[in-house]
$ cat structure.cif   # mmCIF, N, CA and C atoms
data_work
loop_
_atom_site.label_atom_id
_atom_site.label_comp_id
_atom_site.auth_asym_id
_atom_site.auth_seq_id
_atom_site.Cartn_x
_atom_site.Cartn_y
_atom_site.Cartn_z
N MET A 299 120.15 54.82 120.26
CA MET A 299 121.34 55.65 120.27
C MET A 299 120.97 57.00 119.65
N THR A 300 121.50 58.07 120.24
CA THR A 300 121.19 59.42 119.77
C THR A 300 121.96 59.73 118.49
N GLY A 301 121.59 60.83 117.86
CA GLY A 301 122.25 61.23 116.63
C GLY A 301 123.72 61.57 116.86
N ALA A 302 124.04 62.20 117.99
CA ALA A 302 125.43 62.56 118.30
C ALA A 302 126.25 61.29 118.57
N GLY A 303 125.65 60.33 119.23
CA GLY A 303 126.34 59.08 119.51
C GLY A 303 126.65 58.32 118.23
N GLN A 304 125.67 58.33 117.30
CA GLN A 304 125.89 57.67 116.02
C GLN A 304 126.99 58.36 115.22
N ALA A 305 126.99 59.69 115.23
CA ALA A 305 128.03 60.45 114.51
C ALA A 305 129.40 60.15 115.09
N TRP A 306 129.49 60.09 116.41
CA TRP A 306 130.77 59.79 117.05
C TRP A 306 131.25 58.38 116.69
N LEU A 307 130.34 57.42 116.63
CA LEU A 307 130.67 56.05 116.28
C LEU A 307 131.21 55.95 114.86
N VAL A 308 130.57 56.67 113.94
CA VAL A 308 131.01 56.66 112.54
C VAL A 308 132.37 57.35 112.43
N ALA A 309 132.55 58.49 113.09
CA ALA A 309 133.82 59.23 113.03
C ALA A 309 134.96 58.38 113.57
N ARG A 310 134.70 57.69 114.69
CA ARG A 310 135.73 56.84 115.27
C ARG A 310 136.13 55.70 114.34
N ARG A 311 135.14 55.10 113.70
CA ARG A 311 135.42 54.02 112.76
C ARG A 311 136.22 54.54 111.56
N GLU A 312 135.86 55.70 111.04
CA GLU A 312 136.58 56.28 109.90
C GLU A 312 138.03 56.58 110.27
N MET A 313 138.27 57.14 111.42
CA MET A 313 139.65 57.44 111.85
C MET A 313 140.45 56.16 111.98
N ARG A 314 139.83 55.12 112.53
CA ARG A 314 140.53 53.86 112.69
C ARG A 314 140.89 53.26 111.33
N GLU A 315 139.97 53.32 110.40
CA GLU A 315 140.21 52.77 109.06
C GLU A 315 141.27 53.58 108.32
N ARG A 316 141.19 54.88 108.38
CA ARG A 316 142.14 55.74 107.65
C ARG A 316 143.53 55.69 108.27
N SER A 317 143.61 55.54 109.57
CA SER A 317 144.92 55.52 110.22
C SER A 317 145.72 54.27 109.86
N ARG A 318 145.07 53.29 109.29
CA ARG A 318 145.76 52.07 108.88
C ARG A 318 146.45 52.23 107.52
N SER A 319 146.08 53.24 106.74
CA SER A 319 146.68 53.40 105.41
C SER A 319 148.07 54.02 105.50
N ARG A 320 148.93 53.64 104.58
CA ARG A 320 150.30 54.15 104.55
C ARG A 320 150.32 55.64 104.22
N ALA A 321 149.43 56.09 103.38
CA ALA A 321 149.38 57.50 102.99
C ALA A 321 149.09 58.38 104.22
N PHE A 322 148.14 57.95 105.04
CA PHE A 322 147.80 58.71 106.24
C PHE A 322 148.99 58.74 107.21
N GLN A 323 149.62 57.60 107.40
CA GLN A 323 150.76 57.54 108.31
C GLN A 323 151.90 58.41 107.81
N ALA A 324 152.16 58.38 106.50
CA ALA A 324 153.23 59.21 105.93
C ALA A 324 152.90 60.69 106.08
N SER A 325 151.65 61.07 105.87
CA SER A 325 151.29 62.48 105.99
C SER A 325 151.41 62.97 107.44
N VAL A 326 151.10 62.13 108.40
CA VAL A 326 151.25 62.50 109.81
C VAL A 326 152.73 62.73 110.15
N VAL A 327 153.59 61.83 109.67
CA VAL A 327 155.03 61.97 109.91
C VAL A 327 155.55 63.25 109.25
N LEU A 328 155.15 63.50 108.00
CA LEU A 328 155.60 64.71 107.30
C LEU A 328 155.12 65.98 108.01
N MET A 329 153.90 65.98 108.51
CA MET A 329 153.40 67.15 109.24
C MET A 329 154.19 67.37 110.53
N ALA A 330 154.52 66.30 111.23
CA ALA A 330 155.30 66.42 112.46
C ALA A 330 156.69 66.99 112.16
N VAL A 331 157.30 66.53 111.07
CA VAL A 331 158.62 67.04 110.67
C VAL A 331 158.51 68.52 110.28
N ALA A 332 157.46 68.88 109.56
CA ALA A 332 157.26 70.28 109.15
C ALA A 332 157.09 71.20 110.35
N VAL A 333 156.30 70.77 111.32
CA VAL A 333 156.09 71.57 112.52
C VAL A 333 157.40 71.73 113.29
N ALA A 334 158.16 70.66 113.42
CA ALA A 334 159.45 70.74 114.10
C ALA A 334 160.39 71.69 113.37
N ALA A 335 160.39 71.63 112.04
CA ALA A 335 161.26 72.51 111.25
C ALA A 335 160.87 73.97 111.44
N VAL A 336 159.58 74.25 111.47
CA VAL A 336 159.11 75.63 111.66
C VAL A 336 159.53 76.15 113.04
N LEU A 337 159.57 75.30 114.02
CA LEU A 337 159.95 75.74 115.36
C LEU A 337 161.46 75.84 115.55
N ILE A 338 162.22 74.97 114.90
CA ILE A 338 163.66 74.89 115.14
C ILE A 338 164.47 75.77 114.19
N LEU A 339 164.11 75.83 112.91
CA LEU A 339 164.90 76.56 111.92
C LEU A 339 165.11 78.05 112.25
N PRO A 340 164.10 78.78 112.70
CA PRO A 340 164.37 80.19 113.02
C PRO A 340 165.46 80.36 114.08
N ALA A 341 165.49 79.48 115.04
CA ALA A 341 166.52 79.57 116.08
C ALA A 341 167.91 79.27 115.51
N LEU A 342 167.98 78.34 114.55
CA LEU A 342 169.26 78.01 113.95
C LEU A 342 169.73 79.09 112.98
N LEU A 343 168.81 79.73 112.29
CA LEU A 343 169.16 80.74 111.30
C LEU A 343 169.32 82.13 111.90
N LYS A 344 168.94 82.29 113.15
CA LYS A 344 169.04 83.58 113.82
C LYS A 344 170.51 83.98 113.93
N PRO A 345 170.84 85.23 113.58
CA PRO A 345 172.23 85.65 113.72
C PRO A 345 172.68 85.58 115.17
N GLY A 346 173.98 85.51 115.37
CA GLY A 346 174.52 85.40 116.71
C GLY A 346 174.00 86.47 117.64
N SER A 347 173.85 86.13 118.87
CA SER A 347 173.29 87.09 119.82
C SER A 347 174.40 87.84 120.55
N THR A 348 175.61 87.85 119.98
CA THR A 348 176.69 88.62 120.57
C THR A 348 176.71 90.00 119.94
N ARG A 349 176.70 91.02 120.77
CA ARG A 349 176.72 92.40 120.29
C ARG A 349 177.98 93.09 120.81
N ASN A 350 178.59 93.87 119.95
CA ASN A 350 179.76 94.65 120.32
C ASN A 350 179.31 96.08 120.59
N ILE A 351 179.66 96.56 121.78
CA ILE A 351 179.23 97.88 122.22
C ILE A 351 180.46 98.71 122.54
N GLY A 352 180.59 99.83 121.84
CA GLY A 352 181.71 100.74 122.09
C GLY A 352 181.31 101.79 123.10
N VAL A 353 182.27 102.19 123.94
CA VAL A 353 182.02 103.22 124.95
C VAL A 353 183.14 104.24 124.85
N THR A 354 182.78 105.52 124.80
CA THR A 354 183.78 106.58 124.77
C THR A 354 183.29 107.76 125.59
N GLY A 355 184.23 108.54 126.07
CA GLY A 355 183.89 109.72 126.87
C GLY A 355 183.65 109.37 128.31
N PRO A 356 183.40 110.40 129.12
CA PRO A 356 183.14 110.15 130.55
C PRO A 356 181.84 109.37 130.74
N ALA A 357 181.92 108.37 131.59
CA ALA A 357 180.76 107.52 131.87
C ALA A 357 180.88 107.00 133.29
N PRO A 358 179.77 106.60 133.90
CA PRO A 358 179.85 105.99 135.23
C PRO A 358 180.81 104.80 135.21
N ALA A 359 181.50 104.62 136.30
CA ALA A 359 182.52 103.56 136.39
C ALA A 359 181.93 102.18 136.14
N ALA A 360 180.73 101.95 136.57
CA ALA A 360 180.12 100.62 136.46
C ALA A 360 179.30 100.46 135.19
N LEU A 361 179.42 101.38 134.23
CA LEU A 361 178.58 101.30 133.03
C LEU A 361 178.81 100.02 132.24
N ALA A 362 180.05 99.66 132.01
CA ALA A 362 180.34 98.45 131.22
C ALA A 362 179.76 97.20 131.89
N ALA A 363 179.94 97.08 133.19
CA ALA A 363 179.41 95.92 133.90
C ALA A 363 177.88 95.91 133.89
N THR A 364 177.29 97.08 134.00
CA THR A 364 175.82 97.18 134.01
C THR A 364 175.26 96.82 132.63
N ILE A 365 175.92 97.27 131.57
CA ILE A 365 175.47 96.90 130.22
C ILE A 365 175.55 95.39 130.06
N ALA A 366 176.65 94.79 130.49
CA ALA A 366 176.82 93.34 130.38
C ALA A 366 175.73 92.60 131.16
N GLN A 367 175.39 93.07 132.35
CA GLN A 367 174.35 92.44 133.16
C GLN A 367 172.98 92.56 132.50
N GLN A 368 172.67 93.75 132.01
CA GLN A 368 171.37 93.97 131.37
C GLN A 368 171.25 93.14 130.09
N ALA A 369 172.34 93.07 129.33
CA ALA A 369 172.33 92.29 128.10
C ALA A 369 172.13 90.81 128.40
N HIS A 370 172.82 90.32 129.42
CA HIS A 370 172.68 88.91 129.81
C HIS A 370 171.23 88.61 130.19
N ALA A 371 170.60 89.53 130.92
CA ALA A 371 169.21 89.34 131.31
C ALA A 371 168.29 89.29 130.09
N ALA A 372 168.68 89.96 129.00
CA ALA A 372 167.88 89.97 127.78
C ALA A 372 168.28 88.85 126.82
N GLY A 373 169.22 87.99 127.23
CA GLY A 373 169.64 86.89 126.38
C GLY A 373 170.65 87.28 125.32
N ILE A 374 171.37 88.35 125.56
CA ILE A 374 172.37 88.84 124.61
C ILE A 374 173.74 88.76 125.28
N THR A 375 174.74 88.36 124.51
CA THR A 375 176.11 88.42 125.00
C THR A 375 176.69 89.74 124.52
N ALA A 376 177.18 90.55 125.45
CA ALA A 376 177.70 91.88 125.11
C ALA A 376 179.21 91.91 125.32
N ARG A 377 179.90 92.42 124.31
CA ARG A 377 181.34 92.68 124.43
C ARG A 377 181.50 94.19 124.45
N ILE A 378 182.04 94.69 125.53
CA ILE A 378 182.23 96.13 125.70
C ILE A 378 183.63 96.49 125.24
N ARG A 379 183.72 97.48 124.36
CA ARG A 379 185.01 97.93 123.85
C ARG A 379 185.18 99.42 124.13
N PRO A 380 186.11 99.76 125.03
CA PRO A 380 186.33 101.18 125.30
C PRO A 380 187.16 101.82 124.19
N TYR A 381 186.86 103.06 123.87
CA TYR A 381 187.63 103.82 122.87
C TYR A 381 188.12 105.11 123.51
N ALA A 382 189.37 105.45 123.18
CA ALA A 382 190.02 106.62 123.79
C ALA A 382 189.36 107.92 123.36
N GLY A 383 188.88 107.98 122.14
CA GLY A 383 188.29 109.22 121.66
C GLY A 383 187.06 108.97 120.81
N LEU A 384 186.32 110.04 120.58
CA LEU A 384 185.10 109.96 119.81
C LEU A 384 185.39 109.54 118.37
N ALA A 385 186.46 110.07 117.78
CA ALA A 385 186.78 109.75 116.39
C ALA A 385 187.04 108.25 116.22
N ALA A 386 187.79 107.66 117.14
CA ALA A 386 188.08 106.22 117.05
C ALA A 386 186.80 105.40 117.20
N GLY A 387 185.92 105.81 118.08
CA GLY A 387 184.65 105.12 118.27
C GLY A 387 183.75 105.23 117.06
N GLU A 388 183.66 106.42 116.48
CA GLU A 388 182.84 106.61 115.29
C GLU A 388 183.37 105.80 114.11
N GLN A 389 184.69 105.72 113.99
CA GLN A 389 185.28 104.92 112.92
C GLN A 389 184.94 103.44 113.12
N ALA A 390 184.95 102.98 114.35
CA ALA A 390 184.60 101.58 114.63
C ALA A 390 183.15 101.30 114.24
N VAL A 391 182.27 102.27 114.46
CA VAL A 391 180.87 102.10 114.06
C VAL A 391 180.77 102.03 112.54
N ARG A 392 181.45 102.95 111.84
CA ARG A 392 181.41 102.97 110.37
C ARG A 392 181.96 101.68 109.77
N GLN A 393 182.98 101.12 110.39
CA GLN A 393 183.59 99.89 109.88
C GLN A 393 182.86 98.63 110.32
N GLY A 394 181.84 98.78 111.15
CA GLY A 394 181.06 97.63 111.59
C GLY A 394 181.72 96.83 112.70
N GLN A 395 182.72 97.40 113.36
CA GLN A 395 183.38 96.70 114.47
C GLN A 395 182.53 96.69 115.72
N VAL A 396 181.65 97.68 115.88
CA VAL A 396 180.72 97.73 117.01
C VAL A 396 179.32 97.97 116.46
N ASN A 397 178.33 97.44 117.17
CA ASN A 397 176.94 97.63 116.77
C ASN A 397 176.43 99.01 117.17
N VAL A 398 176.92 99.49 118.31
CA VAL A 398 176.49 100.80 118.80
C VAL A 398 177.64 101.42 119.58
N LEU A 399 177.71 102.75 119.52
CA LEU A 399 178.72 103.49 120.28
C LEU A 399 177.99 104.34 121.31
N VAL A 400 178.37 104.18 122.59
CA VAL A 400 177.81 104.99 123.67
C VAL A 400 178.78 106.13 123.91
N THR A 401 178.33 107.36 123.67
CA THR A 401 179.17 108.54 123.81
C THR A 401 178.75 109.32 125.04
N ASP A 402 179.69 109.54 125.95
CA ASP A 402 179.46 110.32 127.18
C ASP A 402 178.28 109.81 128.00
N ALA A 403 177.95 108.54 127.88
CA ALA A 403 176.82 107.92 128.59
C ALA A 403 175.52 108.68 128.35
N ARG A 404 175.42 109.31 127.16
CA ARG A 404 174.22 110.08 126.84
C ARG A 404 173.70 109.81 125.44
N ARG A 405 174.59 109.55 124.51
CA ARG A 405 174.19 109.46 123.12
C ARG A 405 174.59 108.10 122.55
N LEU A 406 173.71 107.53 121.72
CA LEU A 406 173.98 106.26 121.06
C LEU A 406 174.15 106.53 119.57
N GLU A 407 175.19 105.95 118.98
CA GLU A 407 175.43 106.12 117.56
C GLU A 407 175.40 104.76 116.88
N TRP A 408 174.64 104.67 115.79
CA TRP A 408 174.44 103.44 115.05
C TRP A 408 174.94 103.61 113.62
N LYS A 409 175.29 102.51 112.98
CA LYS A 409 175.70 102.57 111.58
C LYS A 409 174.47 102.75 110.70
N GLY A 410 173.43 102.03 110.97
CA GLY A 410 172.19 102.10 110.18
C GLY A 410 171.02 102.24 111.14
N GLN A 411 170.03 101.41 110.90
CA GLN A 411 168.85 101.40 111.77
C GLN A 411 169.21 100.82 113.14
N PRO A 412 168.74 101.43 114.20
CA PRO A 412 169.05 100.90 115.54
C PRO A 412 168.38 99.55 115.78
N ASP A 413 169.07 98.69 116.51
CA ASP A 413 168.54 97.42 116.98
C ASP A 413 167.73 97.78 118.23
N GLU A 414 166.41 97.67 118.14
CA GLU A 414 165.55 98.14 119.23
C GLU A 414 165.81 97.40 120.55
N GLN A 415 166.07 96.11 120.48
CA GLN A 415 166.34 95.36 121.71
C GLN A 415 167.63 95.84 122.34
N LEU A 416 168.67 96.01 121.54
CA LEU A 416 169.95 96.49 122.05
C LEU A 416 169.82 97.92 122.56
N LYS A 417 169.05 98.73 121.88
CA LYS A 417 168.83 100.12 122.31
C LYS A 417 168.18 100.15 123.69
N ALA A 418 167.19 99.30 123.90
CA ALA A 418 166.52 99.23 125.21
C ALA A 418 167.48 98.77 126.29
N VAL A 419 168.31 97.78 125.97
CA VAL A 419 169.28 97.26 126.95
C VAL A 419 170.27 98.34 127.34
N VAL A 420 170.85 99.02 126.34
CA VAL A 420 171.90 100.01 126.62
C VAL A 420 171.33 101.24 127.34
N THR A 421 170.19 101.75 126.89
CA THR A 421 169.62 102.93 127.57
C THR A 421 169.22 102.59 129.00
N GLY A 422 168.67 101.40 129.20
CA GLY A 422 168.34 100.98 130.58
C GLY A 422 169.58 100.87 131.44
N ALA A 423 170.66 100.34 130.88
CA ALA A 423 171.91 100.20 131.63
C ALA A 423 172.51 101.57 131.96
N ILE A 424 172.43 102.50 131.02
CA ILE A 424 172.94 103.86 131.27
C ILE A 424 172.17 104.49 132.43
N GLN A 425 170.86 104.39 132.39
CA GLN A 425 170.04 104.97 133.46
C GLN A 425 170.35 104.32 134.81
N LEU A 426 170.45 103.01 134.82
CA LEU A 426 170.73 102.29 136.06
C LEU A 426 172.10 102.64 136.62
N ALA A 427 173.12 102.66 135.76
CA ALA A 427 174.47 102.99 136.22
C ALA A 427 174.54 104.43 136.73
N THR A 428 173.84 105.34 136.06
CA THR A 428 173.83 106.74 136.49
C THR A 428 173.15 106.89 137.85
N VAL A 429 172.03 106.23 138.03
CA VAL A 429 171.32 106.30 139.32
C VAL A 429 172.18 105.70 140.43
N ARG A 430 172.81 104.56 140.16
CA ARG A 430 173.67 103.94 141.18
C ARG A 430 174.84 104.84 141.54
N GLU A 431 175.43 105.49 140.54
CA GLU A 431 176.57 106.37 140.81
C GLU A 431 176.14 107.56 141.65
N ARG A 432 175.00 108.13 141.33
CA ARG A 432 174.49 109.27 142.11
C ARG A 432 174.14 108.85 143.53
N ALA A 433 173.60 107.65 143.68
CA ALA A 433 173.23 107.17 145.02
C ALA A 433 174.46 106.91 145.87
N ALA A 434 175.56 106.49 145.22
CA ALA A 434 176.77 106.17 145.97
C ALA A 434 177.62 107.41 146.25
N ALA A 435 177.36 108.50 145.55
CA ALA A 435 178.14 109.72 145.74
C ALA A 435 177.85 110.31 147.12
N PRO A 436 178.87 110.91 147.75
CA PRO A 436 178.63 111.52 149.05
C PRO A 436 177.65 112.68 148.89
N GLU A 437 176.75 112.74 149.83
CA GLU A 437 175.71 113.75 149.78
C GLU A 437 176.30 115.10 150.18
N THR A 438 176.02 116.13 149.43
CA THR A 438 176.44 117.48 149.80
C THR A 438 175.30 118.13 150.56
N ARG A 439 175.61 118.59 151.73
CA ARG A 439 174.57 119.17 152.59
C ARG A 439 174.50 120.68 152.40
N ARG A 440 173.30 121.14 152.36
CA ARG A 440 173.09 122.57 152.28
C ARG A 440 173.10 123.15 153.68
N PRO A 441 173.60 124.36 153.81
CA PRO A 441 173.53 124.98 155.15
C PRO A 441 172.07 125.21 155.54
N SER A 442 171.80 125.02 156.80
CA SER A 442 170.41 125.19 157.25
C SER A 442 170.05 126.67 157.23
N SER A 443 168.81 126.96 156.94
CA SER A 443 168.37 128.35 156.81
C SER A 443 167.80 128.90 158.10
N SER A 444 167.98 128.27 159.21
CA SER A 444 167.43 128.77 160.47
C SER A 444 168.26 129.81 161.10
#

$ encode --input "structure.cif" --output "structure tokens"
Amino acid sequence: MTGAGQAWLVARREMRERSRSRAFQASVVLMAVAVAAVLILPALLKPGSTRNIGVTGPAPAALAATIAQQAHAAGITARIRPYAGLAAGEQAVRQGQVNVLVTDARRLEWKGQPDEQLKAVVTGAIQLATVRERAAAPETRRPSSS
């Protein structure tokens, strides 16, 4: 028998002998529980994935629906709240009623540090809604120069 074969034989025997002890069995169970906890706890402790998004000022008609679609694709539930004026929207941001305020489909206002995932979702939705609106608008033809 070769040296590698002998080493494998000894290792196999040692594993068989050690796996019979209660301490080894308990440590395997505890490690499995620890690994499961590491994988599951972050998901349970993660704050809700519902975001409140305020919208004020002129915006494409489909902006709210586009934000909701983009958020859903990113695994976020979005609640869109329209505000009649900029002051009401800014107050909602200050009071924490909305996570972000979209003003005139151009500017995003945050209470503190921006949520990068939400920022990407909202800016992408603004761009998409704007492009769709421009594509659907009747084309204005220029007079021919001939």

$ select_by_dssp --input "structure.cif" --residues "segment 356-422 of chain A" --states "strand (DSSP E or B)" --output "list in words"
Thr375, Ala376, Arg377, Ile378, Arg379, Pro380, Tyr381, Val398, Leu399, Val400, Thr401, Arg405, Leu406, Glu407 and Trp408 of chain A

$ select_by_dssp --input "structure.cif" --residues "segment 313-443 of chain A" --states "alpha helix (DSSP H)" --output "compact mmCIF listing (two decimals) with N, CA and C atoms, in the frame of the given file"
# COMPACT_ATOMS: atom_id res chain seq x y z
N MET A 313 138.27 57.14 111.42
CA MET A 313 139.65 57.44 111.85
C MET A 313 140.45 56.16 111.98
N ARG A 314 139.83 55.12 112.53
CA ARG A 314 140.53 53.86 112.69
C ARG A 314 140.89 53.26 111.33
N GLU A 315 139.97 53.32 110.40
CA GLU A 315 140.21 52.77 109.06
C GLU A 315 141.27 53.58 108.32
N ARG A 316 141.19 54.88 108.38
CA ARG A 316 142.14 55.74 107.65
C ARG A 316 143.53 55.69 108.27
N ARG A 320 148.93 53.64 104.58
CA ARG A 320 150.30 54.15 104.55
C ARG A 320 150.32 55.64 104.22
N ALA A 321 149.43 56.09 103.38
CA ALA A 321 149.38 57.50 102.99
C ALA A 321 149.09 58.38 104.22
N PHE A 322 148.14 57.95 105.04
CA PHE A 322 147.80 58.71 106.24
C PHE A 322 148.99 58.74 107.21
N GLN A 323 149.62 57.60 107.40
CA GLN A 323 150.76 57.54 108.31
C GLN A 323 151.90 58.41 107.81
N ALA A 324 152.16 58.38 106.50
CA ALA A 324 153.23 59.21 105.93
C ALA A 324 152.90 60.69 106.08
N SER A 325 151.65 61.07 105.87
CA SER A 325 151.29 62.48 105.99
C SER A 325 151.41 62.97 107.44
N VAL A 326 151.10 62.13 108.40
CA VAL A 326 151.25 62.50 109.81
C VAL A 326 152.73 62.73 110.15
N VAL A 327 153.59 61.83 109.67
CA VAL A 327 155.03 61.97 109.91
C VAL A 327 155.55 63.25 109.25
N LEU A 328 155.15 63.50 108.00
CA LEU A 328 155.60 64.71 107.30
C LEU A 328 155.12 65.98 108.01
N MET A 329 153.90 65.98 108.51
CA MET A 329 153.40 67.15 109.24
C MET A 329 154.19 67.37 110.53
N ALA A 330 154.52 66.30 111.23
CA ALA A 330 155.30 66.42 112.46
C ALA A 330 156.69 66.99 112.16
N VAL A 331 157.30 66.53 111.07
CA VAL A 331 158.62 67.04 110.67
C VAL A 331 158.51 68.52 110.28
N ALA A 332 157.46 68.88 109.56
CA ALA A 332 157.26 70.28 109.15
C ALA A 332 157.09 71.20 110.35
N VAL A 333 156.30 70.77 111.32
CA VAL A 333 156.09 71.57 112.52
C VAL A 333 157.40 71.73 113.29
N ALA A 334 158.16 70.66 113.42
CA ALA A 334 159.45 70.74 114.10
C ALA A 334 160.39 71.69 113.37
N ALA A 335 160.39 71.63 112.04
CA ALA A 335 161.26 72.51 111.25
C ALA A 335 160.87 73.97 111.44
N VAL A 336 159.58 74.25 111.47
CA VAL A 336 159.11 75.63 111.66
C VAL A 336 159.53 76.15 113.04
N LEU A 337 159.57 75.30 114.02
CA LEU A 337 159.95 75.74 115.36
C LEU A 337 161.46 75.84 115.55
N ILE A 338 162.22 74.97 114.90
CA ILE A 338 163.66 74.89 115.14
C ILE A 338 164.47 75.77 114.19
N LEU A 339 164.11 75.83 112.91
CA LEU A 339 164.90 76.56 111.92
C LEU A 339 165.11 78.05 112.25
N PRO A 340 164.10 78.78 112.70
CA PRO A 340 164.37 80.19 113.02
C PRO A 340 165.46 80.36 114.08
N ALA A 341 165.49 79.48 115.04
CA ALA A 341 166.52 79.57 116.08
C ALA A 341 167.91 79.27 115.51
N LEU A 342 167.98 78.34 114.55
CA LEU A 342 169.26 78.01 113.95
C LEU A 342 169.73 79.09 112.98
N LEU A 343 168.81 79.73 112.29
CA LEU A 343 169.16 80.74 111.30
C LEU A 343 169.32 82.13 111.90
N LEU A 361 179.42 101.38 134.23
CA LEU A 361 178.58 101.30 133.03
C LEU A 361 178.81 100.02 132.24
N ALA A 362 180.05 99.66 132.01
CA ALA A 362 180.34 98.45 131.22
C ALA A 362 179.76 97.20 131.89
N ALA A 363 179.94 97.08 133.19
CA ALA A 363 179.41 95.92 133.90
C ALA A 363 177.88 95.91 133.89
N THR A 364 177.29 97.08 134.00
CA THR A 364 175.82 97.18 134.01
C THR A 364 175.26 96.82 132.63
N ILE A 365 175.92 97.27 131.57
CA ILE A 365 175.47 96.90 130.22
C ILE A 365 175.55 95.39 130.06
N ALA A 366 176.65 94.79 130.49
CA ALA A 366 176.82 93.34 130.38
C ALA A 366 175.73 92.60 131.16
N GLN A 367 175.39 93.07 132.35
CA GLN A 367 174.35 92.44 133.16
C GLN A 367 172.98 92.56 132.50
N GLN A 368 172.67 93.75 132.01
CA GLN A 368 171.37 93.97 131.37
C GLN A 368 171.25 93.14 130.09
N ALA A 369 172.34 93.07 129.33
CA ALA A 369 172.33 92.29 128.10
C ALA A 369 172.13 90.81 128.40
N HIS A 370 172.82 90.32 129.42
CA HIS A 370 172.68 88.91 129.81
C HIS A 370 171.23 88.61 130.19
N ALA A 371 170.60 89.53 130.92
CA ALA A 371 169.21 89.34 131.31
C ALA A 371 168.29 89.29 130.09
N LEU A 384 186.32 110.04 120.58
CA LEU A 384 185.10 109.96 119.81
C LEU A 384 185.39 109.54 118.37
N ALA A 385 186.46 110.07 117.78
CA ALA A 385 186.78 109.75 116.39
C ALA A 385 187.04 108.25 116.22
N ALA A 386 187.79 107.66 117.14
CA ALA A 386 188.08 106.22 117.05
C ALA A 386 186.80 105.40 117.20
N GLY A 387 185.92 105.81 118.08
CA GLY A 387 184.65 105.12 118.27
C GLY A 387 183.75 105.23 117.06
N GLU A 388 183.66 106.42 116.48
CA GLU A 388 182.84 106.61 115.29
C GLU A 388 183.37 105.80 114.11
N GLN A 389 184.69 105.72 113.99
CA GLN A 389 185.28 104.92 112.92
C GLN A 389 184.94 103.44 113.12
N ALA A 390 184.95 102.98 114.35
CA ALA A 390 184.60 101.58 114.63
C ALA A 390 183.15 101.30 114.24
N VAL A 391 182.27 102.27 114.46
CA VAL A 391 180.87 102.10 114.06
C VAL A 391 180.77 102.03 112.54
N ARG A 392 181.45 102.95 111.84
CA ARG A 392 181.41 102.97 110.37
C ARG A 392 181.96 101.68 109.77
N GLU A 414 166.41 97.67 118.14
CA GLU A 414 165.55 98.14 119.23
C GLU A 414 165.81 97.40 120.55
N GLN A 415 166.07 96.11 120.48
CA GLN A 415 166.34 95.36 121.71
C GLN A 415 167.63 95.84 122.34
N LEU A 416 168.67 96.01 121.54
CA LEU A 416 169.95 96.49 122.05
C LEU A 416 169.82 97.92 122.56
N LYS A 417 169.05 98.73 121.88
CA LYS A 417 168.83 100.12 122.31
C LYS A 417 168.18 100.15 123.69
N ALA A 418 167.19 99.30 123.90
CA ALA A 418 166.52 99.23 125.21
C ALA A 418 167.48 98.77 126.29
N VAL A 419 168.31 97.78 125.97
CA VAL A 419 169.28 97.26 126.95
C VAL A 419 170.27 98.34 127.34
N VAL A 420 170.85 99.02 126.34
CA VAL A 420 171.90 100.01 126.62
C VAL A 420 171.33 101.24 127.34
N THR A 421 170.19 101.75 126.89
CA THR A 421 169.62 102.93 127.57
C THR A 421 169.22 102.59 129.00
N GLY A 422 168.67 101.40 129.20
CA GLY A 422 168.34 100.98 130.58
C GLY A 422 169.58 100.87 131.44
N ALA A 423 170.66 100.34 130.88
CA ALA A 423 171.91 100.20 131.63
C ALA A 423 172.51 101.57 131.96
N ILE A 424 172.43 102.50 131.02
CA ILE A 424 172.94 103.86 131.27
C ILE A 424 172.17 104.49 132.43
N GLN A 425 170.86 104.39 132.39
CA GLN A 425 170.04 104.97 133.46
C GLN A 425 170.35 104.32 134.81
N LEU A 426 170.45 103.01 134.82
CA LEU A 426 170.73 102.29 136.06
C LEU A 426 172.10 102.64 136.62
N ALA A 427 173.12 102.66 135.76
CA ALA A 427 174.47 102.99 136.22
C ALA A 427 174.54 104.43 136.73
N THR A 428 173.84 105.34 136.06
CA THR A 428 173.83 106.74 136.49
C THR A 428 173.15 106.89 137.85
N VAL A 429 172.03 106.23 138.03
CA VAL A 429 171.32 106.30 139.32
C VAL A 429 172.18 105.70 140.43
N ARG A 430 172.81 104.56 140.16
CA ARG A 430 173.67 103.94 141.18
C ARG A 430 174.84 104.84 141.54
N GLU A 431 175.43 105.49 140.54
CA GLU A 431 176.57 106.37 140.81
C GLU A 431 176.14 107.56 141.65
N ARG A 432 175.00 108.13 141.33
CA ARG A 432 174.49 109.27 142.11
C ARG A 432 174.14 108.85 143.53
N ALA A 433 173.60 107.65 143.68
CA ALA A 433 173.23 107.17 145.02
C ALA A 433 174.46 106.91 145.87
N ALA A 434 175.56 106.49 145.22
CA ALA A 434 176.77 106.17 145.97
C ALA A 434 177.62 107.41 146.25

$ residues_around --input "structure.cif" --residues "segment 402-407 of chain A" --least-positions-apart "3" --cutoff "8 Å" --atoms "only N, CA and C atoms" --output "MDAnalysis selection string"
chainID A and resid 353:358 388 391 396:399 410 412 424:425

$ closest_residue --input "structure.cif" --among "A:Thr348, A:Thr375, A:Thr364, A:Gln395" --to "Ala423 of chain A" --atoms "only N, CA and C atoms"
A:Thr364

$ closest_residue --input "structure.cif" --among "A:Asp413, A:Ser319, A:Leu339, A:Ile378" --to "Ala360 of chain A" --atoms "only C-alpha atoms"
A:Ile378
